[in-house]
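Asks: As input, take upload-v7.cif (mmCIF, C-alpha atoms):
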```
data_protein
loop_
_atom_site.label_atom_id
_atom_site.label_comp_id
_atom_site.auth_asym_id
_atom_site.auth_seq_id
_atom_site.Cartn_x
_atom_site.Cartn_y
_atom_site.Cartn_z
CA MET M 1 11.46 -56.91 -14.32
CA SER M 2 10.89 -57.37 -10.60
CA ASN M 3 14.10 -55.41 -10.00
CA ARG M 4 12.75 -52.41 -11.83
CA LYS M 5 9.51 -52.51 -9.84
CA LEU M 6 11.50 -52.46 -6.63
CA THR M 7 13.41 -49.34 -7.71
CA THR M 8 10.23 -47.43 -8.54
CA ARG M 9 8.72 -48.41 -5.24
CA ALA M 10 11.80 -47.20 -3.38
CA ALA M 11 11.96 -44.04 -5.46
CA ARG M 12 8.46 -42.89 -4.62
CA PRO M 13 8.98 -41.92 -0.97
CA LEU M 14 12.34 -40.47 -1.93
CA LEU M 15 10.71 -38.27 -4.54
CA ALA M 16 8.03 -37.26 -2.08
CA ALA M 17 10.70 -36.34 0.46
CA MET M 18 12.50 -34.23 -2.12
CA VAL M 19 9.33 -32.34 -3.02
CA LEU M 20 8.64 -31.77 0.67
CA CYS M 21 12.12 -30.35 1.10
CA LEU M 22 11.47 -27.92 -1.74
CA MET M 23 8.24 -26.84 -0.11
CA LEU M 24 9.87 -26.04 3.20
CA GLY M 25 10.16 -22.31 3.42
CA CYS M 26 7.06 -21.75 1.33
CA GLU M 27 4.15 -19.98 2.93
CA GLY M 28 0.68 -21.44 2.96
CA THR M 29 -2.20 -22.90 4.85
CA THR M 30 -2.44 -26.56 3.74
CA ASP M 31 -1.11 -29.44 5.86
CA ILE M 32 1.96 -29.96 3.74
CA GLU M 33 2.80 -26.26 3.75
CA ARG M 34 2.52 -26.13 7.53
CA LEU M 35 5.54 -28.41 7.68
CA ARG M 36 7.70 -25.50 6.66
CA GLN M 37 10.01 -23.69 9.03
CA GLU M 38 8.53 -20.31 9.89
CA MET M 39 11.57 -18.16 9.33
CA TYR M 40 10.22 -15.34 7.19
CA ASN M 41 7.50 -14.51 9.71
CA GLN M 42 8.72 -15.61 13.11
CA SER M 43 6.85 -15.42 16.36
CA ARG M 44 8.04 -11.92 17.14
CA PHE M 45 6.38 -8.67 16.25
CA GLU M 46 7.68 -5.95 14.02
CA PRO M 47 6.58 -2.39 14.82
CA LEU M 48 2.86 -1.84 14.17
CA GLU M 49 2.32 -5.51 13.26
CA LYS M 50 -0.96 -7.25 14.00
CA ASN M 51 -1.31 -9.15 17.25
CA THR M 52 -4.62 -10.89 17.82
CA PHE M 53 -3.90 -11.24 21.56
CA PHE M 54 -5.09 -7.69 22.17
CA ALA M 55 -8.64 -6.53 21.54
CA ASP M 56 -7.52 -3.76 19.20
CA GLN M 57 -5.05 -6.19 17.54
CA ARG M 58 -2.12 -3.80 17.83
CA ALA M 59 1.26 -5.32 18.66
CA SER M 60 2.68 -1.86 19.40
CA ARG M 61 0.88 -0.84 22.57
CA PRO M 62 -0.22 2.71 23.28
CA TRP M 63 1.27 4.26 26.39
CA ILE M 64 -0.65 3.52 29.54
CA LYS M 65 -1.79 6.77 31.12
CA GLY M 66 0.29 7.81 34.09
CA THR M 67 3.30 5.62 33.31
CA VAL M 68 6.73 7.08 32.63
CA ALA M 69 9.15 5.26 30.38
CA ARG M 70 12.73 4.97 31.61
CA GLY M 71 14.62 8.15 30.77
CA GLN M 72 11.46 10.05 29.89
CA LEU M 73 10.60 11.72 33.16
CA ARG M 74 9.70 15.29 32.28
CA THR M 75 10.29 17.46 35.32
CA ASP M 76 11.53 20.58 33.53
CA ALA M 77 8.24 22.46 33.04
CA HIS M 78 9.89 25.23 31.01
CA LEU M 79 11.39 22.75 28.52
CA TYR M 80 8.42 20.41 28.21
CA THR M 81 5.35 22.64 28.61
CA GLY M 82 6.66 26.05 27.55
CA MET M 83 5.10 27.49 30.68
CA VAL M 84 6.77 29.41 33.49
CA ASN M 85 4.56 30.20 36.48
CA GLY M 86 1.46 29.38 34.44
CA LYS M 87 2.33 31.83 31.69
CA PRO M 88 3.96 31.19 28.29
CA ALA M 89 7.73 31.42 28.82
CA GLU M 90 9.39 34.60 27.65
CA THR M 91 12.73 32.88 27.24
CA PHE M 92 14.09 29.73 25.65
CA PRO M 93 14.98 26.87 28.02
CA PHE M 94 18.42 26.45 26.42
CA PRO M 95 20.86 28.74 24.57
CA ILE M 96 19.93 29.41 20.95
CA THR M 97 22.97 28.92 18.74
CA ARG M 98 23.33 29.04 14.98
CA LYS M 99 23.10 25.23 14.99
CA VAL M 100 19.77 25.30 16.84
CA ILE M 101 18.32 27.77 14.35
CA GLN M 102 19.51 25.64 11.44
CA ARG M 103 17.87 22.63 13.03
CA GLY M 104 14.76 24.75 13.52
CA ARG M 105 14.74 25.72 9.86
CA GLU M 106 15.00 22.08 8.80
CA ARG M 107 12.17 21.00 11.11
CA TYR M 108 10.06 24.05 10.16
CA ASN M 109 10.44 23.18 6.48
CA ILE M 110 9.28 19.62 7.14
CA TYR M 111 6.33 20.15 9.48
CA CYS M 112 5.16 23.76 9.15
CA THR M 113 5.60 24.83 5.52
CA PRO M 114 2.60 22.83 4.20
CA CYS M 115 0.35 25.46 5.84
CA HIS M 116 2.53 28.35 7.04
CA GLY M 117 4.67 28.54 3.89
CA TYR M 118 8.43 28.95 3.62
CA ARG M 119 8.22 32.63 4.57
CA GLY M 120 5.75 32.15 7.38
CA ASP M 121 3.07 34.17 5.62
CA GLY M 122 0.44 31.44 6.05
CA ARG M 123 0.15 30.66 2.37
CA GLY M 124 1.49 27.12 2.17
CA MET M 125 0.49 24.59 -0.46
CA VAL M 126 -2.17 22.90 1.70
CA VAL M 127 -3.79 26.29 2.36
CA ARG M 128 -3.95 26.84 -1.38
CA ARG M 129 -5.76 23.48 -1.58
CA GLY M 130 -8.49 24.54 0.83
CA MET M 131 -7.08 24.42 4.37
CA LYS M 132 -8.05 27.33 6.61
CA GLN M 133 -5.39 30.02 6.25
CA PRO M 134 -3.36 30.56 9.42
CA PRO M 135 -2.32 34.11 10.32
CA SER M 136 1.01 35.34 9.06
CA TYR M 137 3.83 35.34 11.63
CA HIS M 138 4.54 38.89 10.57
CA ILE M 139 1.41 40.50 12.00
CA GLU M 140 1.93 42.65 15.06
CA ARG M 141 0.22 40.31 17.52
CA LEU M 142 2.49 37.36 16.66
CA GLN M 143 5.61 39.50 16.47
CA ASN M 144 5.04 40.40 20.09
CA GLU M 145 4.29 36.83 21.22
CA THR M 146 6.74 34.96 23.45
CA PRO M 147 8.71 31.85 22.44
CA GLY M 148 6.65 29.91 24.98
CA TYR M 149 3.49 30.84 23.10
CA PHE M 150 4.73 29.30 19.85
CA PHE M 151 5.92 26.23 21.78
CA ASP M 152 2.48 25.89 23.35
CA VAL M 153 0.69 26.13 19.99
CA MET M 154 2.93 23.41 18.54
CA THR M 155 2.40 21.25 21.62
CA ASN M 156 -1.35 21.61 22.07
CA GLY M 157 -2.57 22.84 18.70
CA PHE M 158 -4.52 26.02 18.06
CA GLY M 159 -7.77 26.54 16.18
CA ALA M 160 -7.71 24.29 13.14
CA MET M 161 -4.12 23.28 13.81
CA TYR M 162 -3.62 19.86 15.39
CA SER M 163 -1.08 19.16 18.09
CA TYR M 164 2.39 18.31 16.80
CA ALA M 165 3.59 16.94 20.12
CA SER M 166 3.68 13.37 18.83
CA ARG M 167 5.59 14.35 15.69
CA ILE M 168 8.09 16.97 16.85
CA LYS M 169 10.22 16.45 19.96
CA PRO M 170 10.27 19.21 22.61
CA ARG M 171 13.79 20.49 21.82
CA ASP M 172 12.90 20.63 18.12
CA ARG M 173 9.74 22.58 18.94
CA TRP M 174 11.90 25.18 20.70
CA ALA M 175 14.26 25.20 17.71
CA ILE M 176 11.28 25.87 15.44
CA ALA M 177 10.14 28.67 17.75
CA ALA M 178 13.63 30.18 17.41
CA TYR M 179 13.47 29.87 13.63
CA ILE M 180 10.06 31.57 13.57
CA ARG M 181 11.74 34.48 15.42
CA ALA M 182 14.42 34.49 12.72
CA LEU M 183 11.73 34.49 10.00
CA GLN M 184 10.01 37.42 11.69
CA LEU M 185 13.28 39.35 11.79
CA SER M 186 14.03 38.49 8.16
CA GLN M 187 10.69 39.77 6.88
CA ASN M 188 11.12 43.12 8.61
CA ALA M 189 14.83 43.58 8.05
CA THR M 190 16.48 46.57 6.42
CA LEU M 191 19.76 46.75 4.55
CA GLU M 192 21.36 48.14 7.72
CA ASP M 193 20.71 44.80 9.49
CA VAL M 194 22.90 42.93 6.99
CA PRO M 195 26.55 42.47 8.03
CA ALA M 196 28.85 44.81 6.11
CA ASP M 197 30.77 42.06 4.34
CA VAL M 198 27.70 40.56 2.64
CA ARG M 199 25.84 43.84 2.19
CA GLU M 200 27.78 44.65 -0.95
CA ARG M 201 26.85 41.31 -2.52
CA LEU M 202 23.18 41.94 -1.78
CA GLU M 203 23.35 45.41 -3.32
CA ASN M 204 24.76 43.97 -6.52
CA GLU M 205 21.98 41.45 -6.86
CA MET H 1 26.04 -59.95 -35.83
CA ALA H 2 23.84 -57.27 -37.32
CA GLN H 3 24.20 -53.61 -36.32
CA LEU H 4 21.94 -52.81 -33.35
CA PHE H 5 21.59 -49.10 -34.20
CA PRO H 6 20.95 -47.56 -37.60
CA ARG H 7 23.50 -45.01 -38.91
CA GLY H 8 21.26 -42.09 -38.00
CA SER H 9 21.68 -42.82 -34.28
CA ASN H 10 25.10 -41.16 -34.33
CA ALA H 11 23.50 -37.81 -35.03
CA PHE H 12 20.94 -38.46 -32.31
CA ALA H 13 23.67 -39.25 -29.80
CA ARG H 14 25.52 -36.01 -30.63
CA VAL H 15 22.38 -33.90 -30.39
CA SER H 16 21.44 -35.50 -27.10
CA ILE H 17 24.74 -34.36 -25.55
CA VAL H 18 23.83 -30.76 -26.36
CA ALA H 19 20.21 -31.33 -25.33
CA VAL H 20 21.24 -32.56 -21.88
CA LEU H 21 23.44 -29.48 -21.38
CA VAL H 22 20.59 -27.19 -22.44
CA VAL H 23 18.02 -28.89 -20.23
CA VAL H 24 20.28 -28.98 -17.17
CA GLY H 25 21.40 -25.38 -17.78
CA THR H 26 17.84 -24.14 -18.15
CA GLY H 27 16.77 -26.04 -15.07
CA LEU H 28 19.57 -24.54 -13.00
CA SER H 29 18.96 -21.01 -14.19
CA ILE H 30 15.24 -21.31 -13.42
CA LEU H 31 16.12 -22.53 -9.94
CA LEU H 32 18.60 -19.69 -9.40
CA ASN H 33 16.40 -16.95 -10.80
CA THR H 34 13.08 -17.82 -9.18
CA ASN H 35 13.87 -15.50 -6.27
CA ARG H 36 14.58 -12.64 -8.63
CA LEU H 37 11.30 -12.75 -10.54
CA HIS H 38 8.83 -9.91 -10.13
CA TYR H 39 6.30 -12.68 -9.57
CA THR H 40 8.15 -13.86 -6.47
CA THR H 41 9.39 -10.52 -5.14
CA ASP H 42 6.35 -8.35 -5.96
CA VAL H 43 8.64 -5.79 -7.58
CA GLN H 44 6.55 -3.30 -9.56
CA VAL H 45 3.33 -4.79 -8.23
CA ALA H 46 1.10 -2.02 -6.86
CA LYS H 47 -0.73 -3.25 -3.77
CA LYS H 48 -4.38 -2.55 -3.17
CA GLN H 49 -4.76 -0.60 0.07
CA PRO H 50 -7.77 0.12 2.30
CA VAL H 51 -7.37 3.77 1.25
CA PRO H 52 -5.72 4.41 -2.14
CA PHE H 53 -3.09 6.76 -0.71
CA SER H 54 -1.03 8.47 -3.41
CA HIS H 55 2.55 9.43 -2.59
CA LYS H 56 2.64 11.17 -5.97
CA HIS H 57 -0.14 13.54 -4.99
CA HIS H 58 1.16 14.26 -1.50
CA VAL H 59 4.88 14.56 -2.35
CA THR H 60 4.95 16.00 -5.86
CA GLY H 61 1.56 17.73 -5.82
CA VAL H 62 1.53 19.20 -2.31
CA GLY H 63 5.28 19.16 -1.59
CA ILE H 64 5.14 17.36 1.75
CA ASP H 65 8.48 16.09 3.11
CA CYS H 66 8.88 12.32 3.71
CA ARG H 67 9.43 12.99 7.40
CA TYR H 68 6.12 14.78 7.88
CA CYS H 69 4.57 11.30 8.12
CA HIS H 70 7.58 8.97 8.44
CA THR H 71 8.59 10.73 11.63
CA SER H 72 10.97 8.19 13.14
CA VAL H 73 13.08 7.41 10.07
CA GLU H 74 16.04 9.47 11.33
CA GLU H 75 16.30 7.97 14.78
CA SER H 76 14.80 4.52 14.68
CA SER H 77 15.02 1.25 12.79
CA PHE H 78 11.44 1.77 11.69
CA ALA H 79 10.43 4.68 9.45
CA ASN H 80 6.89 4.77 10.91
CA ILE H 81 3.52 4.44 9.27
CA PRO H 82 1.66 7.55 10.40
CA PRO H 83 -1.34 7.37 12.72
CA VAL H 84 -4.63 8.59 11.22
CA GLU H 85 -4.19 11.71 13.35
CA THR H 86 -1.54 12.75 10.81
CA CYS H 87 -3.98 12.26 7.92
CA MET H 88 -6.68 14.17 9.81
CA THR H 89 -4.33 17.13 10.40
CA CYS H 90 -5.34 18.24 6.91
CA HIS H 91 -8.26 15.96 6.10
CA SER H 92 -10.38 17.22 8.96
CA GLN H 93 -10.70 20.25 6.68
CA ILE H 94 -9.92 19.10 3.16
CA TRP H 95 -11.89 16.41 1.29
CA THR H 96 -14.02 15.96 4.39
CA GLU H 97 -16.87 14.40 2.40
CA SER H 98 -14.75 12.10 0.25
CA PRO H 99 -16.00 8.50 0.47
CA LEU H 100 -12.44 7.29 -0.23
CA LEU H 101 -11.37 8.78 3.10
CA GLU H 102 -14.23 7.30 5.14
CA PRO H 103 -11.97 4.52 6.56
CA ILE H 104 -9.62 7.26 7.86
CA ARG H 105 -12.43 9.21 9.50
CA GLU H 106 -13.93 6.05 10.96
CA SER H 107 -10.58 4.98 12.35
CA TYR H 108 -10.10 8.43 13.90
CA ARG H 109 -13.59 8.35 15.45
CA MET H 110 -13.51 4.75 16.69
CA GLY H 111 -9.81 4.36 17.44
CA ASN H 112 -9.42 1.14 15.47
CA PRO H 113 -6.24 0.95 13.38
CA ILE H 114 -6.20 0.83 9.60
CA GLU H 115 -4.74 -2.36 8.20
CA TRP H 116 -2.41 -1.13 5.48
CA VAL H 117 -0.93 -3.75 3.19
CA ARG H 118 2.78 -3.86 3.78
CA VAL H 119 4.83 -3.32 0.62
CA HIS H 120 8.39 -3.47 1.93
CA ASP H 121 8.55 -6.44 4.29
CA LEU H 122 11.93 -7.88 5.17
CA PRO H 123 12.08 -11.40 6.60
CA ASP H 124 12.10 -11.52 10.41
CA PHE H 125 15.68 -12.82 10.38
CA VAL H 126 16.91 -9.52 8.91
CA TYR H 127 17.51 -6.63 11.30
CA PHE H 128 17.43 -3.55 9.11
CA ASN H 129 17.81 -0.06 10.58
CA HIS H 130 16.63 3.03 8.71
CA SER H 131 18.40 5.60 10.88
CA ILE H 132 21.97 4.45 10.20
CA HIS H 133 21.33 4.45 6.45
CA VAL H 134 19.81 7.92 6.52
CA HIS H 135 22.72 9.25 8.59
CA LYS H 136 25.33 7.74 6.30
CA GLY H 137 23.81 9.36 3.23
CA ILE H 138 21.63 6.70 1.61
CA GLY H 139 18.71 8.49 -0.02
CA CYS H 140 15.13 7.26 0.31
CA GLN H 141 15.03 7.07 -3.45
CA THR H 142 18.07 4.78 -3.63
CA CYS H 143 16.09 1.89 -2.13
CA HIS H 144 12.45 2.93 -2.56
CA GLY H 145 12.69 4.46 -6.05
CA GLN H 146 10.75 7.48 -7.29
CA VAL H 147 8.10 7.26 -4.60
CA ASP H 148 7.15 10.82 -5.51
CA GLN H 149 5.89 9.43 -8.82
CA MET H 150 3.90 6.50 -7.41
CA PRO H 151 0.10 6.82 -7.33
CA LEU H 152 0.00 3.58 -5.32
CA MET H 153 2.98 2.11 -3.52
CA TRP H 154 5.13 -0.58 -5.10
CA LYS H 155 8.62 -1.94 -4.66
CA VAL H 156 11.30 -1.12 -7.21
CA ASN H 157 13.94 -3.39 -5.69
CA THR H 158 13.80 -7.06 -4.74
CA LEU H 159 15.15 -6.48 -1.19
CA ASN H 160 17.01 -9.77 -1.75
CA MET H 161 20.30 -10.21 0.06
CA GLU H 162 22.30 -9.94 -3.16
CA TRP H 163 20.70 -6.52 -3.62
CA CYS H 164 21.74 -5.37 -0.12
CA LEU H 165 25.27 -6.60 -0.78
CA GLU H 166 25.48 -4.64 -4.03
CA CYS H 167 25.71 -1.52 -1.90
CA HIS H 168 27.43 -2.93 1.18
CA ARG H 169 30.28 -4.06 -1.09
CA ALA H 170 30.48 -0.83 -3.09
CA PRO H 171 28.79 2.03 -1.18
CA GLU H 172 30.54 4.68 -3.30
CA LYS H 173 28.07 3.90 -6.07
CA PHE H 174 25.14 4.96 -3.92
CA VAL H 175 25.93 7.41 -1.08
CA ARG H 176 24.93 11.05 -1.36
CA PRO H 177 25.35 14.13 0.87
CA ARG H 178 23.28 13.83 4.06
CA GLU H 179 21.27 16.93 3.30
CA GLU H 180 20.09 15.38 0.01
CA VAL H 181 18.78 12.12 1.51
CA PHE H 182 15.14 13.19 1.30
CA ASN H 183 15.49 14.79 -2.12
CA MET H 184 13.69 12.58 -4.60
CA THR H 185 15.34 14.00 -7.71
CA TRP H 186 18.96 14.33 -6.57
CA LYS H 187 21.78 13.92 -9.11
CA PRO H 188 25.47 13.86 -8.09
CA THR H 189 26.82 17.42 -8.30
CA ASP H 190 29.65 19.42 -6.74
CA GLU H 191 29.14 22.47 -4.55
CA GLN H 192 28.74 24.72 -7.60
CA GLY H 193 26.02 22.48 -8.98
CA HIS H 194 28.07 20.95 -11.81
CA ALA H 195 27.44 17.27 -12.55
CA VAL H 196 30.13 14.97 -11.16
CA SER H 197 30.62 11.22 -11.25
CA GLN H 198 28.79 9.33 -8.52
CA VAL H 199 31.80 7.12 -7.78
CA ALA H 200 34.15 10.09 -7.28
CA LEU H 201 31.68 11.92 -5.03
CA GLY H 202 30.83 8.66 -3.26
CA ALA H 203 34.47 7.90 -2.49
CA GLN H 204 34.87 11.37 -0.98
CA LEU H 205 31.71 11.02 1.16
CA ILE H 206 32.78 7.58 2.37
CA LYS H 207 35.86 9.21 3.91
CA GLU H 208 33.92 12.16 5.27
CA TYR H 209 31.14 10.09 6.87
CA ASP H 210 33.44 7.22 7.87
CA ILE H 211 31.35 4.70 5.96
CA ASN H 212 32.49 1.14 6.39
CA PRO H 213 29.53 -1.16 5.74
CA SER H 214 30.23 -4.61 7.07
CA THR H 215 29.34 -7.71 5.10
CA ASP H 216 29.57 -9.94 8.19
CA CYS H 217 26.53 -12.21 8.57
CA SER H 218 25.88 -10.78 12.02
CA THR H 219 25.57 -7.23 10.68
CA CYS H 220 22.04 -8.02 9.53
CA HIS H 221 21.28 -11.50 10.87
CA ARG H 222 20.93 -12.25 14.56
#
```
Taking this structure as input, can you express it in the form of C-alpha cells?
Replies:
Amino acid sequence: MSNRKLTTRAARPLLAAMVLCLMLGCEGTTDIERLRQEMYNQSRFEPLEKNTFFADQRASRPWIKGTVARGQLRTDAHLYTGMVNGKPAETFPFPITRKVIQRGRERYNIYCTPCHGYRGDGRGMVVRRGMKQPPSYHIERLQNETPGYFFDVMTNGFGAMYSYASRIKPRDRWAIAAYIRALQLSQNATLEDVPADVRERLENE
Amino acid sequence: MAQLFPRGSNAFARVSIVAVLVVVGTGLSILLNTNRLHYTTDVQVAKKQPVPFSHKHHVTGVGIDCRYCHTSVEESSFANIPPVETCMTCHSQIWTESPLLEPIRESYRMGNPIEWVRVHDLPDFVYFNHSIHVHKGIGCQTCHGQVDQMPLMWKVNTLNMEWCLECHRAPEKFVRPREEVFNMTWKPTDEQGHAVSQVALGAQLIKEYDINPSTDCSTCHR
C-alpha cells in the first residue's frame, strides 16, 4: 500500500513536467505559457511588422529626408527626373529595344490599364466605375508630347492621377513611355505600316 | 484451487488487445494530425480586417493585376502590403463617402498605419522568398488559391513544412510558364491552347528554367 502511494507521489511532478513539455511552443500570455521557447515569433522584425519602440509603431522605417541609400545615388537627371535643361526630355535616356517595349507593355498593363485602358483611350474599368476619365493618348496634344512629359506625369502625378514613383521604377517608367508611343502609333497606323510578310495575314482576317 | 477468473474473461482479454491497439492508434493519429487541422492552421478561416477589403471585387470585378498593389513580389522576399496611398489612388475619387473606407482616409490624413490582420504568416525560422518562386514559374494561385474569388482573405494551404516539401520534391506537378504566374485561372496548355498534362509541361519547364529546388534544411532555415 505504502509502495503505491510512493509511486503516485513520484509520478505527479513527472506528469507535470510532461505537460509542460507539451506546452512549450504554444503561444499565450499565462505564466506557464511564457515558459515556451519563442521560435515562431522571434525577436526580429518581418517587413511591415509592428514595433512599439517607435512612436508610429512601424518596424519598417520611412526614408529619412536627405539620406541616400547605398547604390541609390541618382545623379543622372535625364534618367531619374525626365528633365533636360529644365524641360521635359525629348529623348529616352537609354536605347529603346523590342525588349524594352515588351517590358513597357507588361508594366503598362499592370499599372495604367485600370484607368487608361488597354488601348490608351482612357476608358479603363476604374473609369467606368466613376473615376475621372483621363484624356486619350491619341489626341493631338498628347501625340505631340515628349517622352519626358509622360515620364514626368508618371513620376509626379497629374490632375487626379497620383504619383506612381513609389510603385514603378524609373527605367520601367521610361519603358511605359516607350510603349505609350507604340500605342499611339498603333491607333493611327495604316495597312502600309504593316511589314509585308504579315500584311497578307491581316488582310485575310 | 478454484478458478480466479470466470470463463467470460477470455473474451474480455481478447477484446482488450484490440482495444489497446485502437486507443494507441487513435492517440497517435490525433497527435500527428493536430498540426494539419483547419482549427490549428486557420485554413479556410476568413480573418476580420480593419477594412473588409475584397480581392474578389478588385481582381475579378475591376481586373486589377496582383502587382498593382503587391509591387515588390517580383524582386523581393516580401510581396508588399500596399500603403494607403495605393488605395487612395482610386478611392480619393470613388466611394469617397463610404464609412467602410474611413480608416483608409484617416490613415492617409494622419499618417498612422493600418493594422491589417496577417493571414499568411510563416514562422520566423523560415526564410521564404517570393521573387525566386515567381521567377521559376510558381503561380500566385498555386499557394494562395483562387484569391480572385475571395471576398475576405483566407488561407487555402496549411503552409506546413510537409506542404512546402510536396512541391520542392516534385516541382513538375506545380510549375507553369512565367508569363502565366499572375493568371488566376491558368490551366496547363501547349502553345496552341490545347490542354496538356501538368507533369509533362512541368518537366519541360523544369529543364527550361533550370529548376532544382533543394530540400536541404538550410534552404529555408537559417
Asks: For chain H, which residue among M:Asn109, M:Gln102, M:Ser186, M:Thr91 is the nearest when counting all atoms listed in the file?
Replies: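 Under the stated criterion, the closest residue is M:Asn109.
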Asks: Taking all atoms listed in the file into account and nothing else, which residues of chain H lie no more than 7 Å away from chain M? Please answer as a ChimeraX atom specification.
Replies: /H:62,64-65,67-68,71,89-90,93-94,112,123-125
Asks: Where's the centre, and what are the edge lengths in Å to one decimal, of a box along x, y and z enclosing all listed atoms of segment 90-99 of chain M padded 5 Å per side, as lines of an AutoDock Vina configuration file?
Replies:
```
center_x = 16.4
center_y = 29.9
center_z = 21.5
size_x = 23.9
size_y = 19.4
size_z = 23.0
```
Asks: With all atoms listed in the file as the atoms that count, which of H:Ile138, H:Ala79, H:Ala2, H:Val84 lies nearest to Val181 of chain H?
Replies: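 Closest to Val181 of chain H of all the choices is H:Ile138.
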Asks: What do you get, as a PyMOL selection string, if you spell out every residue that the PyMOL selection byres ((chain H and resi 147-160) around 10) selects here?
Replies: chain H and resi 35-38+40-49+51-61+63-64+66+117-123+140-146+161-165+183-185
Asks: Taking the file as I've supplied it (selection: the PyMOL selection byres ((chain H and resi 102) around 12)), which residues are included? Please answer as a PyMOL selection string.
Replies: chain H and resi 50-52+84+87-88+91-92+95-101+103-110+114
